[in-house]
Structures are given as structure tokens and as C-alpha cells.
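For reference, the structure discussed in these notes is given below.
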Amino acid sequence: MLSALHSRKGVQLVLGLVFGIAFGFLLQKGGVTKYDVIIGQLLLKDFTVVKVMLSAVIAGMFGVQLLRSLGMANSHVKGGSLGATAVGGLIFGVGFGVLGYCPGTIAGAVGNGFLDALVGGVPGIIIGSGIFAALYPRLQETILNRGDFGELTLPQLLKVSPWAVIFPLAAVLTALLWAIEHNW
């Protein structure tokens with residue numbers, strides 16, 4: 001079934017649009033497209049964003065691994081490095097801290113009609129992406145490849161089944177969600 005989908009690019013685009021709209025709708029319903037909620041998270045006063053993200057991580061871990069176990073999906077792990085993580089985190093953090101949105105919530109906020117996301121966020125993404133693209137060759141030579149850890153995953157590192165990582169991690173994240181919800 002899914003192999004037939006790989007050859008139909010038009011269907012993939014339509015599905016991408018449908019799932020993107022659904023994702024934006026769920027972000028909006030979860031409240032994470034609101035500037036006040038995001039700033040509240042950055043100030044450690046409103047944990048709505050963390051709760052939504054941790055719930056998504058738990059559901060995603062189980063969903064992706066279930067699809068992989070059933071042979072319905074393959075993982076294509078992208079290699080990483082400490083340098084790339086630091087640069088990406090810095091760019092993301094500055095944009096998030098200055099405007100109060102991440103790329104996903106900017107799209108949701110624009111869909112809600114929030115002008116700060118449209119006027120500040122969309123041009124910020126475009127300009128920031130352009131600057132990064134222009135600097136990429138130099139960054140790759142100097143910073144991005146430092147501390148390369150390749151395509152290693154946590155189950156590979158620990159030499160265990162992915163489920164042996166997913167179940168304990170899901171339990172820890174669920175406990176964290178419970179603690180946040182109960183103001184611990």
C-alpha cells in the first residue's frame with residue numbers, strides 16, 4: 001500500500017497539505033500558537049507547550065516504531081554532530097526568544113491571523129534561512145562537523161531493541177507530564 005504511494009508525487013503533496021492543516025489545527029486547539037502561552041513557557045510559568053510536545057513525542061515514538069515493526073515504514077537517520085546541534089540550537093533559540101514563536105507555531109499563528117507572526121515570523125524564517133544558506137559552506141568547514149556522532153541511534157548505542165528504549169523513556173516522560181500537571 002505505502003510503496004504505491006511513493007510513486008504518486010501528487011497524492012503525496014495533497015496528503016502533506018492535509019496533514020499540515022491538521023497539524024496546524026491541533027497546534028491551535030492545543031493553545032501553542034498563542035504568543036502569551038509561548039512566552040509563559042519561556043518564563044517557566046505556563047507549561048502548555050511542554051505538555052503538548054511531550055505528548056507528541058510519546059505518541060510519535062510508539063507510532064513510528066509500530067509502523068517500522070509492521071514493515072510499513074523505514075527510518076532514515078540523519079547523521080549529527082555537536083557543532084550542528086549547537087548552531088541549530090542557537091539559531092532556533094534566538095528566533096524563539098526574540099519573537100516568541102518556533103517555525104511550527106509561526107505557521108499556526110499566521111493561520112490564526114496573528115500579524116506579529118506574519119510580519120515578524122515569516123520574513124524572519126526567510127531571512128534567517130537565506131543567511132544560513134549563504135554561510136553554510138563556511139560553517140560546514142569550521143563548526144558543523146565538530147563532534148560528529150554519525151547516524152547512531154540510542155538503541156544502537158545501547159545495543160538493545162528500540163522497544164527497550166521506548167517503554168522506559170515513555171514511562172519517564174509520562175511521569176514528567178504527571179508531575180507538571182500536578183505542580184510538582
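Every chain in the C-alpha cells takes a letter, A first, then B, and so on in the order presented; its residues are numbered from 1, and the ligands are numbered from 1 following the presented order.
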
For region 99-180 of chain A versus region 62-71 of chain A, which residues have an atom no more than 12 Å away, and what is each residue's nearest atom pair and distance in Å rounded to one decimal, using only C-alpha atoms, chain-then-number order, as CSV?
residue,atom,partner,partner_atom,distance
A:Pro155,CA,A:Gln65,CA,11.9
A:Ser161,CA,A:Gln65,CA,10.4
A:Pro162,CA,A:Gln65,CA,7.5
A:Trp163,CA,A:Gln65,CA,7.7
A:Ala164,CA,A:Gln65,CA,11.3
A:Val165,CA,A:Phe62,CA,10.7
A:Ile166,CA,A:Phe62,CA,7.2
A:Phe167,CA,A:Phe62,CA,8.6
A:Pro168,CA,A:Phe62,CA,11.8
A:Leu169,CA,A:Phe62,CA,10.8
A:Ala170,CA,A:Phe62,CA,8.7
A:Ala171,CA,A:Phe62,CA,12.0

For the residues selected in the previous step, produce a file with N, CA and C atoms as a PDB file, in the first residue's frame.
ATOM      1  N   PRO A 155      19.091   3.193  20.662  1.00  0.00           N
ATOM      2  CA  PRO A 155      19.078   1.728  20.727  1.00  0.00           C
ATOM      3  C   PRO A 155      20.363   1.092  20.168  1.00  0.00           C
ATOM      4  N   SER A 161      16.909  -3.516  21.628  1.00  0.00           N
ATOM      5  CA  SER A 161      15.761  -3.289  20.758  1.00  0.00           C
ATOM      6  C   SER A 161      15.249  -1.862  20.960  1.00  0.00           C
ATOM      7  N   PRO A 162      14.721  -1.233  19.904  1.00  0.00           N
ATOM      8  CA  PRO A 162      14.131   0.099  20.091  1.00  0.00           C
ATOM      9  C   PRO A 162      13.045   0.117  21.172  1.00  0.00           C
ATOM     10  N   TRP A 163      12.292  -0.972  21.291  1.00  0.00           N
ATOM     11  CA  TRP A 163      11.240  -1.021  22.320  1.00  0.00           C
ATOM     12  C   TRP A 163      11.832  -0.936  23.726  1.00  0.00           C
ATOM     13  N   ALA A 164      13.057  -1.430  23.900  1.00  0.00           N
ATOM     14  CA  ALA A 164      13.708  -1.384  25.216  1.00  0.00           C
ATOM     15  C   ALA A 164      14.084   0.044  25.604  1.00  0.00           C
ATOM     16  N   VAL A 165      14.113   0.929  24.645  1.00  0.00           N
ATOM     17  CA  VAL A 165      14.343   2.350  24.924  1.00  0.00           C
ATOM     18  C   VAL A 165      13.002   3.079  25.021  1.00  0.00           C
ATOM     19  N   ILE A 166      12.071   2.734  24.134  1.00  0.00           N
ATOM     20  CA  ILE A 166      10.797   3.449  24.053  1.00  0.00           C
ATOM     21  C   ILE A 166       9.972   3.298  25.329  1.00  0.00           C
ATOM     22  N   PHE A 167       9.812   2.084  25.827  1.00  0.00           N
ATOM     23  CA  PHE A 167       8.963   1.887  27.008  1.00  0.00           C
ATOM     24  C   PHE A 167       9.473   2.640  28.245  1.00  0.00           C
ATOM     25  N   PRO A 168      10.767   2.504  28.625  1.00  0.00           N
ATOM     26  CA  PRO A 168      11.227   3.274  29.794  1.00  0.00           C
ATOM     27  C   PRO A 168      11.181   4.788  29.570  1.00  0.00           C
ATOM     28  N   LEU A 169      11.546   5.222  28.361  1.00  0.00           N
ATOM     29  CA  LEU A 169      11.522   6.657  28.074  1.00  0.00           C
ATOM     30  C   LEU A 169      10.096   7.197  28.135  1.00  0.00           C
ATOM     31  N   ALA A 170       9.147   6.436  27.583  1.00  0.00           N
ATOM     32  CA  ALA A 170       7.741   6.847  27.654  1.00  0.00           C
ATOM     33  C   ALA A 170       7.272   6.910  29.105  1.00  0.00           C
ATOM     34  N   ALA A 171       7.716   5.971  29.925  1.00  0.00           N
ATOM     35  CA  ALA A 171       7.333   5.980  31.346  1.00  0.00           C
ATOM     36  C   ALA A 171       7.893   7.218  32.045  1.00  0.00           C
TER      37      ALA A 171
END

Return as a PyMOL selection string the full set of residues in region 4-153 of chain A whose backbone-based DSSP assignment is helix (DSSP H, G or I). chain A and resi 4-6+9-30+35-42+48-69+82-99+103-112+115-144

Counting only C-alpha atoms, what is within 7 Å of region 80-92 of chain A, bar same-chain residues fewer than 4 positions away, as a PyMOL selection string? chain A and resi 96+143-151

Considering only C-alpha atoms, return as a ChimeraX atom specification whatever protein or nucleic-acid residues lie within 9 Å of Gly104 (chain A), sequence-local ones (same chain, fewer than 3 positions apart) excluded. /A:23-24,27,33,101,107-109

Those residues with C-alpha atoms, as a compact mmCIF listing (two decimals), in the first residue's frame please?
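again_38.txt written:
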# COMPACT_ATOMS: atom_id res chain seq x y z
CA PHE A 23 -1.20 19.68 12.47
CA GLY A 24 -1.81 23.43 12.48
CA LEU A 27 -1.47 23.26 17.47
CA THR A 33 0.10 29.21 18.69
CA TYR A 101 7.38 31.52 18.10
CA ALA A 107 2.59 28.83 10.69
CA GLY A 108 -0.25 28.13 13.13
CA ALA A 109 -0.27 31.72 14.36

Val119 (chain A): which residues within 12 Å, counting only C-alpha atoms, same-chain residues fewer than 6 positions away excluded, as a ChimeraX atom specification? /A:99,106-107,109-110,113,125-126

Please write the residues from the selection above to a file, keeping C-alpha atoms, as an mmCIF file, in the first residue's frame.
data_model
loop_
_atom_site.group_PDB
_atom_site.id
_atom_site.type_symbol
_atom_site.label_atom_id
_atom_site.label_comp_id
_atom_site.auth_asym_id
_atom_site.auth_seq_id
_atom_site.Cartn_x
_atom_site.Cartn_y
_atom_site.Cartn_z
ATOM 1 C CA LEU A 99 9.735 36.597 18.523
ATOM 2 C CA ILE A 106 4.516 30.675 13.408
ATOM 3 C CA ALA A 107 2.589 28.828 10.694
ATOM 4 C CA ALA A 109 -0.266 31.718 14.362
ATOM 5 C CA VAL A 110 -0.367 33.053 10.777
ATOM 6 C CA GLY A 113 -4.447 35.729 11.751
ATOM 7 C CA ILE A 125 12.331 32.497 8.717
ATOM 8 C CA ILE A 126 13.061 33.510 5.125
#

Spatial neighbours of Thr174 (chain A), 12 Å, only C-alpha atoms, chain gap at least 2 places, as a PyMOL selection string: chain A and resi 50-59+166-172+176-181
